[in-house]
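Undergrad: query_9.txt is the file, holding compact mmCIF, C-alpha atoms:
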```txt
# COMPACT_ATOMS: atom_id res chain seq x y z
CA MET A 1 97.67 -82.36 27.65
CA LEU A 2 101.33 -82.41 28.79
CA ASN A 3 104.05 -82.38 26.14
CA LYS A 4 107.50 -83.92 26.46
CA LYS A 5 108.97 -80.70 27.86
CA GLY A 6 106.28 -80.52 30.55
CA ILE A 7 106.93 -84.08 31.64
CA ASN A 8 110.70 -83.43 31.98
CA LEU A 9 109.99 -80.38 34.13
CA GLN A 10 107.80 -82.41 36.48
CA LEU A 11 110.48 -85.11 36.75
CA LYS A 12 113.14 -82.56 37.72
CA LYS A 13 110.85 -81.16 40.38
CA GLN A 14 110.23 -84.62 41.82
CA LEU A 15 114.00 -85.33 41.90
CA TYR A 16 114.71 -82.04 43.70
CA MET A 17 112.06 -82.79 46.34
CA LYS A 18 113.51 -86.27 46.77
CA ASN A 19 116.99 -84.91 47.59
CA ILE A 20 115.60 -82.37 50.10
CA LEU A 21 113.62 -85.16 51.80
CA ILE A 22 116.69 -87.44 52.02
CA ILE A 23 118.85 -84.70 53.64
CA SER A 24 116.15 -83.86 56.20
CA ILE A 25 115.50 -87.46 57.26
CA VAL A 26 119.22 -88.30 57.48
CA PHE A 27 119.75 -85.28 59.74
CA ILE A 28 116.93 -86.31 62.05
CA PHE A 29 118.10 -89.92 62.39
CA SER A 30 121.73 -88.93 62.91
CA THR A 31 120.72 -87.10 66.11
CA LEU A 32 119.39 -90.34 67.62
CA THR A 33 122.80 -91.36 68.95
CA MET A 34 121.33 -92.86 72.13
CA ALA A 35 119.97 -95.84 70.19
CA GLN A 36 122.95 -98.19 69.99
CA VAL A 37 121.63 -100.29 67.12
CA GLU A 38 123.56 -100.58 63.89
CA VAL A 39 121.11 -99.72 61.10
CA ASP A 40 121.77 -98.56 57.52
CA VAL A 41 119.47 -95.55 57.99
CA LYS A 42 120.61 -93.74 54.85
CA GLY A 43 120.20 -96.83 52.72
CA LYS A 44 116.68 -97.54 54.01
CA VAL A 45 115.60 -93.92 53.59
CA ASN A 46 117.05 -93.82 50.05
CA SER A 47 115.23 -97.04 49.16
CA GLU A 48 111.86 -95.90 50.53
CA THR A 49 112.22 -92.42 49.01
CA ASN A 50 113.12 -93.84 45.58
CA THR A 51 110.12 -96.14 45.72
CA ARG A 52 107.69 -93.36 46.56
CA ALA A 53 109.22 -90.93 44.03
CA ASN A 54 109.12 -93.55 41.30
CA ASN A 55 105.50 -94.34 42.08
CA LYS A 56 104.59 -90.66 41.77
CA THR A 57 106.48 -90.44 38.48
CA ASP A 58 104.72 -93.54 37.12
CA GLU A 59 101.39 -92.05 38.13
CA LEU A 60 102.15 -88.88 36.23
CA ILE A 61 103.23 -90.70 33.07
CA ASP A 62 100.14 -92.99 33.20
CA LYS A 63 97.83 -90.00 33.43
CA SER A 64 99.54 -88.38 30.46
CA PHE A 65 99.24 -91.48 28.28
CA ASN A 66 95.62 -92.02 29.36
CA LYS A 67 94.78 -88.54 28.14
CA LEU A 68 96.60 -89.22 24.89
CA GLU A 69 94.65 -92.50 24.36
CA ASP A 70 91.37 -90.77 25.16
CA GLY A 71 92.14 -88.19 22.52
CA VAL A 72 92.86 -90.82 19.90
CA GLY A 73 89.72 -92.72 20.89
CA ASN A 74 87.58 -89.63 20.53
CA LEU A 75 88.88 -89.18 16.99
CA PHE A 76 87.64 -92.68 16.06
CA LYS A 77 84.29 -92.10 17.78
CA LYS A 78 83.73 -89.00 15.67
CA LYS A 79 84.60 -91.04 12.59
CA ASP A 80 82.07 -93.77 13.62
CA LYS A 81 79.33 -91.15 14.05
CA LYS A 82 80.09 -89.82 10.59
CA ASN A 83 79.84 -93.35 9.15
CA LYS A 84 76.42 -93.84 10.79
CA LYS A 85 75.16 -90.62 9.26
CA ASP A 86 76.33 -91.83 5.86
CA GLY A 87 74.30 -95.04 6.34
CA ASN A 88 77.41 -97.21 6.67
CA ASN A 89 76.70 -100.52 8.47
CA LYS A 90 80.31 -101.38 9.25
CA GLU A 91 79.69 -100.86 12.98
CA GLU A 92 77.07 -103.62 12.96
CA ASP A 93 79.53 -105.97 11.24
CA ASN A 94 82.19 -105.15 13.81
CA SER A 95 79.85 -105.79 16.74
CA SER A 96 79.34 -109.38 15.61
CA ASN A 97 83.08 -109.94 15.35
CA ASN A 98 84.06 -108.27 18.64
CA SER A 99 82.67 -111.02 20.91
CA SER A 100 86.12 -112.55 21.20
CA SER A 101 86.83 -114.71 24.28
CA THR A 102 88.87 -113.23 27.10
CA ASP A 103 91.63 -115.04 28.98
CA ASP A 104 89.33 -116.31 31.74
CA GLY A 105 87.03 -118.15 29.33
CA GLU A 106 84.30 -115.47 29.25
CA GLU A 107 83.03 -113.60 26.23
CA SER A 108 83.14 -109.79 26.40
CA GLY A 109 79.98 -108.60 28.15
CA GLU A 110 78.56 -112.15 28.53
CA LYS A 111 79.54 -115.21 30.58
CA LEU A 112 79.70 -118.60 28.93
CA GLU A 113 77.08 -121.08 30.14
CA GLU A 114 78.35 -123.47 32.82
CA THR A 115 78.66 -127.13 31.80
CA ILE A 116 75.97 -129.13 33.59
CA GLU A 117 76.87 -132.76 34.32
CA PRO A 118 74.05 -135.25 33.70
CA THR A 119 72.44 -136.74 36.79
CA VAL A 120 72.87 -140.51 36.84
CA THR A 121 70.71 -142.65 39.10
CA TRP A 122 71.96 -146.17 39.83
CA SER A 123 70.47 -148.61 42.30
CA LYS A 124 73.80 -149.94 43.50
CA TYR A 125 72.30 -152.41 45.97
CA ASP A 126 69.28 -154.26 44.67
CA PHE A 127 70.11 -157.68 46.13
CA VAL A 128 67.16 -159.53 47.64
CA SER A 129 67.70 -162.89 49.31
CA GLY A 130 65.69 -165.84 48.03
CA ASP A 131 62.39 -166.69 49.70
CA GLU A 132 63.11 -170.24 50.83
CA VAL A 133 66.37 -171.11 52.59
CA ILE A 134 67.77 -174.43 51.35
CA PHE A 135 71.11 -174.29 53.22
CA GLU A 136 72.06 -172.23 56.29
CA ASP A 137 75.12 -172.24 58.52
CA ALA A 138 76.14 -169.41 60.85
CA PRO A 139 77.79 -171.72 62.23
CA SER A 140 75.88 -172.73 65.35
CA LYS A 141 77.20 -172.05 68.85
CA ASP A 142 76.64 -175.74 69.52
CA GLU A 143 79.54 -176.59 67.19
CA GLU A 144 82.62 -177.86 69.05
CA ASN A 145 85.68 -175.64 68.70
CA GLY A 146 88.51 -177.33 66.80
CA GLU A 147 86.28 -179.85 65.02
CA PHE A 148 85.48 -179.96 61.30
CA PRO A 149 82.23 -177.98 60.65
CA SER A 150 79.37 -180.49 60.80
CA ARG A 151 77.31 -178.85 58.01
CA TRP A 152 80.13 -179.19 55.45
CA ASP A 153 82.16 -181.74 53.51
CA LEU A 154 85.82 -181.38 52.54
CA PHE A 155 87.28 -181.50 49.04
CA LYS A 156 90.88 -180.62 49.95
CA GLY A 157 92.94 -178.72 52.51
CA SER A 158 91.63 -178.25 56.03
CA ALA A 159 88.99 -176.30 57.93
CA GLU A 160 87.82 -176.20 61.56
CA ILE A 161 85.38 -174.44 63.81
CA GLY A 162 87.03 -171.51 65.56
CA GLU A 163 85.93 -168.47 67.49
CA MET A 164 86.36 -164.76 66.76
CA ASN A 165 85.20 -162.15 69.27
CA GLY A 166 82.98 -164.74 70.93
CA GLU A 167 81.35 -165.81 67.65
CA PRO A 168 81.84 -169.23 66.03
CA VAL A 169 83.40 -169.11 62.54
CA ILE A 170 84.71 -171.54 59.95
CA MET A 171 88.49 -171.13 59.85
CA PHE A 172 90.86 -172.38 57.16
CA LEU A 173 94.24 -173.85 58.15
CA ASN A 174 97.55 -174.99 56.63
CA GLY A 175 97.30 -173.27 53.26
CA GLY A 176 93.54 -173.01 53.05
CA GLY A 177 91.03 -175.46 51.69
CA ASP A 178 87.86 -176.23 49.73
CA ILE A 179 84.57 -177.01 51.53
CA ILE A 180 81.18 -178.11 50.18
CA PRO A 181 77.73 -177.84 51.79
CA TYR A 182 76.80 -181.20 53.27
CA ILE A 183 73.35 -181.84 51.82
CA LYS A 184 71.23 -184.72 50.61
CA ASN A 185 71.99 -186.10 47.11
CA PRO A 186 75.08 -183.90 46.44
CA LYS A 187 75.71 -185.51 43.03
CA GLU A 188 72.48 -184.01 41.70
CA ASP A 189 71.81 -180.43 40.58
CA TYR A 190 70.53 -178.92 43.83
CA LEU A 191 70.58 -175.25 42.78
CA PRO A 192 67.22 -174.05 41.37
CA GLU A 193 66.93 -171.82 38.29
CA VAL A 194 66.52 -168.82 40.62
CA PHE A 195 68.74 -168.76 43.73
CA THR A 196 70.93 -166.60 45.95
CA VAL A 197 74.17 -167.30 47.83
CA GLU A 198 75.51 -165.20 50.71
CA PHE A 199 78.41 -165.36 53.17
CA ASP A 200 80.70 -163.14 55.21
CA ALA A 201 84.44 -163.34 54.43
CA TRP A 202 87.24 -162.11 56.70
CA PHE A 203 90.24 -160.15 55.41
CA GLU A 204 93.20 -159.99 57.77
CA LYS A 205 94.85 -156.67 58.68
CA GLY A 206 97.93 -155.97 56.58
CA ASN A 207 97.62 -159.19 54.54
CA ASN A 208 97.61 -158.61 50.79
CA ALA A 209 97.56 -162.17 49.47
CA HIS A 210 94.26 -163.63 50.59
CA ARG A 211 91.51 -164.58 48.12
CA TYR A 212 88.35 -166.63 48.24
CA TRP A 213 86.69 -168.45 45.35
CA VAL A 214 83.08 -169.50 44.94
CA TYR A 215 82.66 -172.38 42.46
CA PHE A 216 79.20 -173.18 41.13
CA ILE A 217 79.71 -176.94 41.22
CA ASP A 218 80.36 -179.34 44.06
CA LYS A 219 84.04 -180.04 43.26
CA LYS A 220 83.92 -183.36 45.09
CA ASN A 221 80.70 -184.81 43.69
CA GLN A 222 79.87 -182.88 40.49
CA TRP A 223 83.21 -182.53 38.71
CA GLY A 224 82.77 -182.15 34.94
CA LYS A 225 79.15 -181.06 35.30
CA GLY A 226 77.39 -177.73 35.73
CA LEU A 227 79.05 -174.32 35.39
CA ASN A 228 82.82 -174.30 35.00
CA GLU A 229 83.27 -170.71 36.26
CA ASN A 230 84.16 -169.21 39.64
CA LEU A 231 83.73 -165.92 41.47
CA GLU A 232 87.06 -164.59 42.73
CA VAL A 233 86.80 -162.50 45.90
CA PHE A 234 89.56 -160.00 46.70
CA ALA A 235 89.81 -157.67 49.67
CA ASN A 236 88.69 -154.78 47.46
CA GLY A 237 86.57 -156.31 44.71
CA LEU A 238 85.32 -159.22 42.61
CA ASN A 239 86.30 -161.02 39.38
CA PHE A 240 83.99 -163.26 37.36
CA MET A 241 84.77 -164.51 33.85
CA ASN A 242 85.82 -161.41 31.87
CA SER A 243 84.17 -158.99 34.31
CA SER A 244 86.18 -157.31 37.06
CA LYS A 245 85.19 -154.48 39.39
CA ARG A 246 86.63 -152.86 42.50
CA TYR A 247 84.61 -151.56 45.42
CA PRO A 248 84.24 -147.74 45.24
CA GLY A 249 87.11 -146.03 47.03
CA ARG A 250 89.21 -149.20 47.01
CA GLU A 251 90.27 -149.29 43.36
CA SER A 252 94.06 -149.23 43.89
CA ASN A 253 94.76 -152.83 42.81
CA ASN A 254 93.73 -156.45 43.23
CA TRP A 255 96.01 -156.98 46.19
CA ALA A 256 94.87 -154.08 48.37
CA VAL A 257 96.39 -154.27 51.84
CA GLU A 258 93.79 -154.03 54.57
CA PRO A 259 94.51 -151.17 57.01
CA VAL A 260 92.34 -153.00 59.56
CA GLY A 261 90.84 -156.47 59.65
CA ARG A 262 87.26 -156.49 58.36
CA TRP A 263 84.32 -158.67 57.35
CA ALA A 264 83.01 -158.28 53.80
CA HIS A 265 79.49 -159.46 52.93
CA ILE A 266 79.45 -161.32 49.59
CA SER A 267 76.15 -161.93 47.75
CA VAL A 268 75.30 -163.70 44.50
CA ALA A 269 71.96 -163.64 42.68
CA TYR A 270 71.28 -166.03 39.78
CA THR A 271 68.04 -165.74 37.78
CA LYS A 272 67.67 -168.03 34.76
CA GLY A 273 71.05 -167.13 33.27
CA LYS A 274 71.41 -163.64 34.74
CA PHE A 275 74.29 -163.41 37.21
CA LYS A 276 74.91 -160.60 39.70
CA ALA A 277 77.50 -160.42 42.48
CA TYR A 278 77.83 -157.91 45.29
CA MET A 279 80.37 -156.83 47.90
CA ASP A 280 78.81 -155.25 50.98
CA ASP A 281 76.28 -152.66 49.72
CA THR A 282 77.43 -152.45 46.08
CA ARG A 283 76.77 -154.52 42.96
CA LEU A 284 80.09 -155.14 41.21
CA ILE A 285 79.33 -157.90 38.68
CA ASN A 286 76.36 -157.93 36.31
CA ILE A 287 76.32 -160.62 33.57
CA PRO A 288 73.11 -160.51 31.47
CA HIS A 289 73.40 -164.03 30.01
CA LEU A 290 75.53 -166.77 31.50
CA GLU A 291 76.30 -169.90 29.51
CA GLY A 292 76.06 -173.04 31.61
CA ASN A 293 73.97 -174.15 34.55
CA PRO A 294 75.12 -173.83 38.19
CA TRP A 295 74.72 -177.17 39.97
CA GLY A 296 76.21 -176.76 43.43
CA ILE A 297 78.56 -174.69 45.59
CA THR A 298 82.21 -174.97 46.67
CA ILE A 299 83.93 -172.27 48.74
CA GLN A 300 87.70 -172.14 48.60
CA ALA A 301 90.11 -170.13 50.76
CA GLU A 302 93.65 -169.50 49.54
CA ASN A 303 95.52 -169.53 52.84
CA ASP A 304 95.28 -169.82 56.60
CA LYS A 305 93.95 -167.03 58.86
CA MET A 306 90.90 -166.87 56.61
CA TYR A 307 87.39 -167.20 58.04
CA ILE A 308 83.80 -167.33 56.79
CA LYS A 309 80.40 -167.22 58.52
CA ASN A 310 76.68 -166.63 57.87
CA ILE A 311 76.53 -168.82 54.77
CA ARG A 312 73.10 -169.05 53.16
CA ILE A 313 71.76 -170.57 49.94
CA ALA A 314 68.14 -169.72 49.16
CA LYS A 315 65.63 -170.41 46.43
CA GLY A 316 64.31 -167.32 44.62
CA GLY A 317 60.69 -166.32 44.32
CA VAL A 318 57.93 -164.16 42.90
CA LYS A 319 58.24 -160.38 42.50
CA TYR A 320 56.99 -158.31 45.43
CA TYR A 321 54.08 -156.71 43.58
CA ASP A 322 52.77 -160.08 42.39
CA ARG A 323 53.00 -161.46 45.93
CA VAL A 324 50.92 -158.58 47.29
CA GLN A 325 48.25 -159.09 44.64
CA THR A 326 48.14 -162.88 45.17
CA ASP A 327 48.75 -163.33 48.91
CA GLY A 328 48.11 -159.87 50.33
CA LYS A 329 51.55 -159.93 51.97
CA ILE A 330 55.28 -160.21 51.31
CA ILE A 331 57.45 -162.57 53.38
CA VAL A 332 61.07 -161.39 53.57
CA ASN A 333 63.88 -163.30 55.29
CA GLY A 334 66.63 -161.13 53.76
CA ILE A 335 66.24 -158.36 56.33
CA ARG A 336 69.06 -158.93 58.83
CA PHE A 337 69.78 -157.58 62.30
CA ASP A 338 72.65 -157.67 64.74
CA ILE A 339 72.46 -160.71 67.00
CA GLY A 340 69.92 -160.18 69.77
CA LYS A 341 69.26 -156.59 68.66
CA ALA A 342 66.90 -154.56 66.47
CA THR A 343 69.78 -152.82 64.62
CA LEU A 344 69.52 -153.24 60.84
CA LYS A 345 72.51 -154.63 58.95
CA GLN A 346 73.53 -152.93 55.70
CA GLU A 347 72.59 -155.97 53.59
CA SER A 348 68.98 -155.41 54.70
CA MET A 349 68.74 -152.42 52.38
CA GLY A 350 68.18 -154.58 49.29
CA PRO A 351 64.67 -155.76 50.26
CA ILE A 352 63.88 -152.50 52.06
CA ASN A 353 64.69 -150.56 48.87
CA LYS A 354 62.34 -152.87 46.96
CA ILE A 355 59.51 -152.30 49.44
CA TYR A 356 60.10 -148.55 49.30
CA LYS A 357 59.92 -148.48 45.49
CA LEU A 358 56.78 -150.64 45.54
CA MET A 359 55.03 -148.24 47.95
CA GLU A 360 56.26 -145.18 46.07
CA LYS A 361 54.82 -146.47 42.77
CA ASN A 362 51.59 -147.71 44.37
CA PRO A 363 50.27 -145.06 46.80
CA ASP A 364 47.18 -147.19 47.52
CA ILE A 365 49.30 -149.94 49.17
CA ASN A 366 49.74 -149.66 52.95
CA PHE A 367 51.71 -152.17 55.06
CA SER A 368 51.68 -153.56 58.56
CA VAL A 369 55.33 -154.45 59.24
CA GLU A 370 55.35 -157.66 61.31
CA GLY A 371 58.39 -159.22 62.98
CA HIS A 372 58.91 -162.96 63.64
CA THR A 373 61.67 -165.00 65.30
CA ASP A 374 62.69 -168.64 65.61
CA SER A 375 62.15 -170.53 68.89
CA ASP A 376 65.72 -170.18 70.21
CA GLY A 377 65.90 -168.30 73.49
CA ASP A 378 63.28 -166.98 75.87
CA GLU A 379 59.74 -166.50 74.56
CA THR A 380 59.28 -163.07 76.22
CA THR A 381 62.64 -161.86 74.87
CA ASN A 382 61.74 -163.05 71.37
CA GLN A 383 58.43 -161.20 71.54
CA LYS A 384 60.12 -157.90 72.44
CA LEU A 385 62.84 -158.51 69.85
CA SER A 386 60.30 -159.07 67.07
CA GLU A 387 58.46 -155.87 68.00
CA GLY A 388 61.67 -153.84 68.05
CA ARG A 389 62.83 -155.20 64.70
CA ALA A 390 59.51 -154.52 63.00
CA LYS A 391 59.58 -150.97 64.33
CA SER A 392 63.14 -150.45 63.04
CA VAL A 393 62.07 -151.46 59.52
CA MET A 394 58.99 -149.22 59.66
CA ASN A 395 61.06 -146.25 60.87
CA LYS A 396 63.58 -146.80 58.07
CA LEU A 397 60.83 -146.62 55.43
CA ILE A 398 59.45 -143.43 57.02
CA GLU A 399 62.96 -141.97 57.04
CA MET A 400 63.22 -142.76 53.32
CA GLY A 401 60.05 -140.78 52.59
CA ILE A 402 57.02 -143.05 53.05
CA ASP A 403 54.13 -141.32 54.84
CA LYS A 404 53.88 -142.68 58.39
CA GLN A 405 50.08 -142.96 57.97
CA ARG A 406 50.71 -145.78 55.47
CA LEU A 407 52.67 -147.93 57.94
CA LYS A 408 52.26 -149.63 61.29
CA SER A 409 54.32 -152.27 63.07
CA THR A 410 53.85 -155.22 65.42
CA GLY A 411 55.71 -158.35 66.52
CA PHE A 412 54.69 -161.99 67.02
CA GLY A 413 57.90 -163.46 68.41
CA GLU A 414 58.09 -167.23 67.88
CA SER A 415 54.30 -167.75 67.91
CA LYS A 416 53.75 -168.04 64.13
CA PRO A 417 56.40 -170.33 62.58
CA ILE A 418 56.19 -171.17 58.87
CA ASP A 419 58.84 -173.93 59.06
CA LYS A 420 60.17 -176.37 61.63
CA ASN A 421 62.50 -175.04 64.32
CA THR A 422 64.65 -178.19 64.36
CA THR A 423 67.00 -177.37 61.46
CA PRO A 424 69.13 -174.31 60.63
CA GLU A 425 67.19 -173.83 57.39
CA GLY A 426 63.83 -174.01 59.17
CA LYS A 427 64.94 -171.49 61.80
CA ALA A 428 66.21 -169.17 59.06
CA ASN A 429 62.81 -169.26 57.34
CA ASN A 430 61.08 -168.46 60.64
CA ARG A 431 63.31 -165.43 61.28
CA ARG A 432 61.49 -163.09 58.95
CA VAL A 433 59.72 -159.78 58.44
CA GLU A 434 56.30 -159.79 56.80
CA PHE A 435 54.69 -156.83 55.03
CA VAL A 436 50.93 -157.38 55.32
CA LYS A 437 48.64 -155.17 53.26
CA PHE A 438 45.92 -153.24 55.16
```
Mind turning the file's structure into structure tokens?
TA:
Amino acid sequence: MLNKKGINLQLKKQLYMKNILIISIVFIFSTLTMAQVEVDVKGKVNSETNTRANNKTDELIDKSFNKLEDGVGNLFKKKDKKNKKDGNNKEEDNSSNNSSSTDDGEESGEKLEETIEPTVTWSKYDFVSGDEVIFEDAPSKDEENGEFPSRWDLFKGSAEIGEMNGEPVIMFLNGGGDIIPYIKNPKEDYLPEVFTVEFDAWFEKGNNAHRYWVYFIDKKNQWGKGLNENLEVFANGLNFMNSSKRYPGRESNNWAVEPVGRWAHISVAYTKGKFKAYMDDTRLINIPHLEGNPWGITIQAENDKMYIKNIRIAKGGVKYYDRVQTDGKIIVNGIRFDIGKATLKQESMGPINKIYKLMEKNPDINFSVEGHTDSDGDETTNQKLSEGRAKSVMNKLIEMGIDKQRLKSTGFGESKPIDKNTTPEGKANNRRVEFVKF
């Protein structure tokens, strides 16, 4: 162990060596007169030498104090051994108290258990379109551009048939407007106790003041009757009564500015008082018990440059499992595809999820996935289209985890209609996918 005198001696020796080193280095650098660069050589050498000398000195002092601490520690260890021999249990008491937490949140000698977040499973898109279409308007390509849409009536404002990217749409003009489905006996309650409503709504790029409303009465013919509530549709979410929800990732505010123009798919499911509303692939509104009875539908747009398309009202039906047990098949017209293609649209995932869960819970049920079309277009084309669409649905179920041995697919084109092909509603019912048990 070094005493104070020994430490001072070592320090003097280090200082002496430092001065010798400085003189030698300065002499060497002073001979380099050929390098015409102005550098504070002496200052740099002094700085580096001081740093190294100080580091050596610190090392020496640390070693000395370490030895001193070890000596003190050994004294206490000897005392602890003596206490053990005397039968003293103070060491055991201390061990229970010495598990104090360190700065990084760990206990001495043992890590704290990591917090495990609970796993939450939520079927965010469980929408399934009703079985029987009671109103359908795409609108048709036969509609004349610039005319009022033939499948609708007007309550106020203005609306016309327009075209966007080659597709016919219903466009609102001059401050928007309110339109009502043009159906038979509009003054009566034409919405069943189980129904669905769907449409696509356009939100203009950069416009932050456009809203749509869906009223559950015909404002022209049923005023004062039915349900006096409306679904408010923003660019980034939905409001209904006291319930309000934003689409995930778009929660900033009600008036979210669209970075690009886009179509949003809006869906509503009403089942004997239960009310659910969806935007695209996510359920945002879920009311367990709704007071009042929906009678009809009015769609209102707040301003011009607002467009809607693919409007459908359908009557609900029996649960999938019950249909299989009763009929041996499930008829689904809520599986949608791009026009003239076999590409699945995102809103198709509602019924596909239901089929998947049914097959997962009932491993004895196997399905033949069968595609059908309406009579529009060429018969050969429709046949190939129905085959391709059925195969797309089958492949999606296999991708989700259903054993491919439990599925097969085929198409029948327009050869097996279940409704007339002379009305939009009839055609919509014929465009379907059937899951036939085998």
Undergrad: Which residues of region 161-252 of chain A have any atom within 6 Å of an atom in region 126-146 of chain A when counting only C-alpha atoms, and what is the closest pair of atoms for each, with the distance in Å to one decimal? Order the rows by chain and rising number and write it as a Markdown table.
TA:
```
| residue | atom | partner | partner_atom | distance |
| --- | --- | --- | --- | --- |
| A:Ile161 | CA | A:Asn145 | CA | 5.0 |
| A:Gly162 | CA | A:Asn145 | CA | 5.4 |
| A:Thr196 | CA | A:Gly130 | CA | 5.7 |
```
Undergrad: For a quick check of understanding, using all atoms listed in the file, which of A:Glu347, A:Asp280, A:Asp322, A:Glu193 has the smallest distance to Asn293 (chain A)?
TA: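 Closest candidate: A:Glu193.
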Undergrad: What separation in Å, quoted to one decimal, exists between CA of Arg432 (chain A) and CA of Glu360 (chain A)?
TA: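 Between CA of Arg432 (chain A) and CA of Glu360 (chain A) the gap is 22.7 Å.
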Undergrad: For CA of Trp202 (chain A) and CA of Ala235 (chain A), quote the distance in Å rounded to one decimal.
TA: 8.7 Å
Undergrad: Can you tell me, as a ChimeraX atom specification, what residues are no more than 6 Å from Phe275 (chain A) when counting all atoms listed in the file, ignoring any on the same chain fewer than 4 positions away?
TA: /A:269-270,286-287
Undergrad: Considering all atoms listed in the file, return as a list in words whatever protein or nucleic-acid residues lie within 12 Å of Leu290 (chain A), sequence-local ones (same chain, fewer than 6 positions apart) excluded.
TA: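 That gives Gly226, Leu227, Asn228, Glu229, Phe240, Met241, Asn242, Ser243, Tyr270, Thr271, Lys272, Gly273, Lys274, Phe275 and Lys276 of chain A.
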Undergrad: Please determine an axis-aligned box that encloses all atoms of region 413-430 of chain A listed in the file, with 8 Å added on each side, and express its centre and edge lengths in Å to one decimal as AutoDock Vina command-line options.
TA:
```
--center_x 61.4 --center_y -170.8 --center_z 62.9 --size_x 31.4 --size_y 30.7 --size_z 27.1
```
Undergrad: I need the residue nearest Gly316 (chain A) from this list: A:Ile170, A:Met359, A:Val194, A:Ile335. Use all atoms listed in the file for the distance.
TA: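 Of A:Ile170, A:Met359, A:Val194, A:Ile335, the one nearest Gly316 (chain A), counting all atoms listed in the file, is A:Val194.
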Undergrad: Using all atoms listed in the file, which protein or nucleic acid residues come within 8 Å of Asp374 (chain A)? Drop anything in the same chain fewer than 2 positions from it, and give the result as a PyMOL selection string.
TA: chain A and resi 372+376+413-414+417+421+427-428+430-431
Undergrad: How far is it from CA of Asn230 (chain A) to CA of Glu251 (chain A), in Å with one decimal?
TA: 21.2 Å
Undergrad: Near Ala342 (chain A), counting all atoms listed in the file, which residues have an atom at most 7 Å away, once you skip same-chain residues fewer than 4 positions from it, shown as an NGL selection string?
TA: :A and (337-338 or 385 or 388-389 or 392)
Undergrad: Residues at most 12 Å from Glu387 (chain A), counting only C-alpha atoms, excluding those fewer than 2 positions away in the same chain, as JSON, numbers by chain?
TA: {"A": [341, 342, 368, 369, 370, 371, 372, 373, 380, 381, 382, 383, 384, 385, 389, 390, 391, 392, 393, 394, 408, 409, 410, 411, 412, 413, 414, 432, 433]}
Undergrad: For Met306 (chain A), which of A:Ile365, A:Ala201, A:Leu154, A:Met164 is the closest residue, counting all atoms listed in the file?
TA: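 Ranking A:Ile365, A:Ala201, A:Leu154, A:Met164 by distance to Met306 (chain A), first place goes to A:Ala201.
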Undergrad: Which of these, A:Arg211, A:Arg312, A:Lys219, A:Lys156, has the shortest distance to Pro186 (chain A) once you count all atoms listed in the file?
TA: A:Lys219
